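The file model-v5.tsv contains TSV, C-alpha atoms:
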```tsv
chain	number	residue	atom	x	y	z
A	1	MET	CA	152.34	76.15	103.95
A	2	GLY	CA	152.79	75.10	100.36
A	3	LEU	CA	155.69	74.05	98.27
A	4	PRO	CA	157.92	76.83	96.95
A	5	THR	CA	157.23	77.82	93.37
A	6	CYS	CA	159.56	76.40	90.77
A	7	ARG	CA	159.06	78.83	87.93
A	8	PHE	CA	161.80	80.14	85.68
A	9	ARG	CA	160.91	83.77	85.08
A	10	ARG	CA	162.34	86.16	82.52
A	11	SER	CA	163.95	88.14	85.35
A	12	GLN	CA	166.01	85.04	86.25
A	13	ARG	CA	167.83	85.04	82.90
A	14	LEU	CA	171.11	86.65	82.00
A	15	THR	CA	170.42	88.22	78.63
A	16	ARG	CA	172.63	91.26	78.13
A	17	LYS	CA	176.07	91.18	76.57
A	18	SER	CA	177.39	93.30	79.47
A	19	GLU	CA	176.13	90.71	81.99
A	20	PHE	CA	177.93	87.92	80.14
A	21	ALA	CA	181.11	90.03	79.91
A	22	ALA	CA	181.03	90.69	83.67
A	23	MET	CA	180.66	86.95	84.31
A	24	TYR	CA	183.65	86.11	82.11
A	25	GLU	CA	185.79	88.86	83.67
A	26	HIS	CA	184.88	88.71	87.37
A	27	GLY	CA	183.16	85.37	87.96
A	28	SER	CA	184.82	82.42	89.63
A	29	ARG	CA	184.81	79.38	87.40
A	30	CYS	CA	185.11	75.63	87.54
A	31	THR	CA	184.69	72.77	85.11
A	32	VAL	CA	182.11	70.09	85.92
A	33	GLY	CA	181.29	67.45	83.36
A	34	PRO	CA	180.75	69.03	79.95
A	35	SER	CA	180.22	72.52	81.40
A	36	LEU	CA	182.37	75.44	82.41
A	37	ILE	CA	180.44	77.16	85.21
A	38	HIS	CA	180.98	80.83	86.07
A	39	VAL	CA	179.50	82.10	89.35
A	40	LEU	CA	179.27	85.73	90.48
A	41	GLN	CA	177.41	87.40	93.35
A	42	ASN	CA	174.62	89.78	92.37
A	43	GLN	CA	172.71	92.44	94.31
A	44	ARG	CA	169.32	90.79	93.80
A	45	GLY	CA	167.39	88.51	96.11
A	46	TYR	CA	167.31	85.68	93.58
A	47	SER	CA	169.67	83.72	91.35
A	48	ARG	CA	169.91	84.09	87.57
A	49	LEU	CA	171.06	81.76	84.79
A	50	GLY	CA	172.85	82.40	81.53
A	51	LEU	CA	173.63	79.81	78.86
A	52	SER	CA	176.32	79.71	76.23
A	53	VAL	CA	176.16	76.67	73.96
A	54	LEU	CA	178.83	76.69	71.25
A	55	SER	CA	177.88	75.83	67.68
A	56	ARG	CA	180.39	72.98	67.64
A	57	VAL	CA	178.29	71.21	70.31
A	58	GLY	CA	175.92	70.03	67.59
A	59	ASN	CA	173.23	71.16	65.21
A	60	ALA	CA	170.52	73.63	66.24
A	61	VAL	CA	168.16	70.89	67.40
A	62	GLN	CA	170.74	69.33	69.72
A	63	ARG	CA	171.82	72.73	71.09
A	64	ASN	CA	168.20	73.65	71.85
A	65	ILE	CA	167.62	70.33	73.63
A	66	ILE	CA	170.69	70.96	75.78
A	67	LYS	CA	169.55	74.52	76.60
A	68	ARG	CA	166.06	73.28	77.51
A	69	ARG	CA	167.49	70.62	79.81
A	70	CYS	CA	169.90	73.07	81.46
A	71	ARG	CA	167.09	75.59	82.09
A	72	GLU	CA	164.94	72.81	83.53
A	73	ALA	CA	167.83	71.69	85.74
A	74	PHE	CA	168.15	75.25	87.06
A	75	ARG	CA	164.39	75.54	87.59
A	76	LEU	CA	164.24	72.31	89.57
A	77	SER	CA	167.26	73.10	91.74
A	78	GLN	CA	166.88	76.86	92.23
A	79	HIS	CA	165.76	76.43	95.85
A	80	GLU	CA	168.87	74.36	96.61
A	81	LEU	CA	171.20	76.99	95.16
A	82	PRO	CA	172.48	79.98	97.15
A	83	THR	CA	170.37	83.10	96.61
A	84	GLY	CA	171.80	86.20	95.00
A	85	ILE	CA	174.18	84.62	92.48
A	86	ASP	CA	174.48	84.72	88.73
A	87	ILE	CA	175.38	81.44	87.03
A	88	LEU	CA	176.72	81.16	83.49
A	89	LEU	CA	176.93	77.69	81.93
A	90	THR	CA	179.25	77.36	78.95
A	91	VAL	CA	178.50	73.97	77.46
A	92	ARG	CA	181.24	72.12	75.60
A	93	PRO	CA	180.82	69.30	73.06
A	94	HIS	CA	179.56	66.08	74.68
A	95	GLU	CA	177.06	63.28	74.37
A	96	LEU	CA	173.52	64.36	75.26
A	97	GLN	CA	172.69	63.86	78.95
A	98	THR	CA	169.50	63.73	80.99
A	99	THR	CA	168.08	66.73	82.83
A	100	ASN	CA	169.01	65.12	86.14
A	101	GLN	CA	172.66	64.78	85.05
A	102	TYR	CA	172.78	68.49	84.14
A	103	ARG	CA	171.18	69.25	87.51
A	104	VAL	CA	173.88	67.28	89.35
A	105	HIS	CA	176.60	69.12	87.39
A	106	LEU	CA	174.99	72.47	88.21
A	107	LEU	CA	174.71	71.79	91.95
A	108	GLU	CA	178.25	70.42	92.07
A	109	GLY	CA	179.71	73.39	90.17
A	110	VAL	CA	177.97	76.05	92.22
A	111	GLY	CA	178.86	74.29	95.46
A	112	LYS	CA	182.60	74.55	94.77
```

Starting from the file, lay out its structure as structure tokens.
Amino acid sequence: MGLPTCRFRRSQRLTRKSEFAAMYEHGSRCTVGPSLIHVLQNQRGYSRLGLSVLSRVGNAVQRNIIKRRCREAFRLSQHELPTGIDILLTVRPHELQTTNQYRVHLLEGVGK
């Protein structure tokens, strides 16, 4: 009996334009903190994450920091999230937050 793995694999990412379009069209959404969170059921046994960080959020360095922290927040909380859902985070302009703050926003948004 060990701890569950907390890896963020390539298969857990939303990468295709069609996947993002389906999320925007069919996903339920809510706003939590600086993020608009879309959630949609999938037919897989695991959850997946997609990120959309607008260029007006900041320069490339700041956007990459935000994406890294959001991915880490997903990785750390993936076992607390329902299985079989796709999550799309659309990040709006805001002051940089900690990974734990993004994690709280993610859990709160998916729980709604």

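Contact shell of Phe74 in chain A at 8 Å (all atoms listed in the file; same-chain neighbours under 5 positions omitted): Leu49, Arg103 and Leu106 of chain A.
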
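Between Leu54 in chain A and the residues A:Arg10, A:Arg75, A:Arg16, A:Lys67, the shortest atom-to-atom distance, using only C-alpha atoms, involves A:Lys67.
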
If you count all atoms listed in the file, the residue of A:Val57, A:Leu14, A:Cys6, A:Ala73 closest to Val104 in chain A turns out to be A:Ala73

Which of these, A:Gln12, A:Val110, A:Thr90, A:Arg7, has the shortest distance to Arg44 in chain A once you count all atoms listed in the file?
->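 Selected residue with least distance to Arg44 in chain A: A:Gln12.
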
Near Gly27 in chain A, within 9 Å and counting all atoms listed in the file, which residues show up once chain neighbours fewer than 2 positions away are dropped, as a JSON list (two decimals) with C-alpha atoms, in the frame of the given file?
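Result file selection-v3.json:
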```json
[["chain", "number", "residue", "atom", "x", "y", "z"],
["A", 22, "ALA", "CA", 181.03, 90.69, 83.67],
["A", 23, "MET", "CA", 180.66, 86.95, 84.31],
["A", 24, "TYR", "CA", 183.65, 86.11, 82.11],
["A", 25, "GLU", "CA", 185.79, 88.86, 83.67],
["A", 29, "ARG", "CA", 184.81, 79.38, 87.40],
["A", 38, "HIS", "CA", 180.98, 80.83, 86.07],
["A", 39, "VAL", "CA", 179.50, 82.10, 89.35],
["A", 40, "LEU", "CA", 179.27, 85.73, 90.48],
["A", 41, "GLN", "CA", 177.41, 87.40, 93.35],
["A", 86, "ASP", "CA", 174.48, 84.72, 88.73],
["A", 87, "ILE", "CA", 175.38, 81.44, 87.03],
["A", 88, "LEU", "CA", 176.72, 81.16, 83.49]]
```

Judged by all atoms listed in the file, the minimum distance to Ser28 in chain A among A:Thr98, A:Pro93, A:Ile85, A:Ser11 is found for A:Ile85

- Query: What is the CA of Pro82 in chain A to CA of Glu108 in chain A distance in Å?
  - Reply: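 About the pair CA of Pro82 in chain A and CA of Glu108 in chain A: they are 12.3 Å apart.
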
### Message
Just to confirm, what's the straight-line distance from CA of Glu95 in chain A to CA of Cys30 in chain A in Å (one decimal)?
### Response
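These atoms are spaced 19.8 Å apart.
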
Point-to-point distance in Å for CA of Pro34 in chain A and CA of His105 in chain A: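 Rounded to one decimal, the two atoms are 8.5 Å apart.
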
### Task
Using all atoms listed in the file, find the one residue out of A:Val91, A:Leu107, A:Leu81, A:Val32 that sits nearest to Ser55 in chain A.
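With all atoms listed in the file as the atom set, the closest residue is A:Val91.
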
Q) A:Phe8, A:Gln43, A:Phe20, A:His94: which is nearest Arg63 in chain A, counting only C-alpha atoms? A)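 Checking each of A:Phe8, A:Gln43, A:Phe20, A:His94 against Arg63 in chain A, counting only C-alpha atoms, the winner is A:His94.
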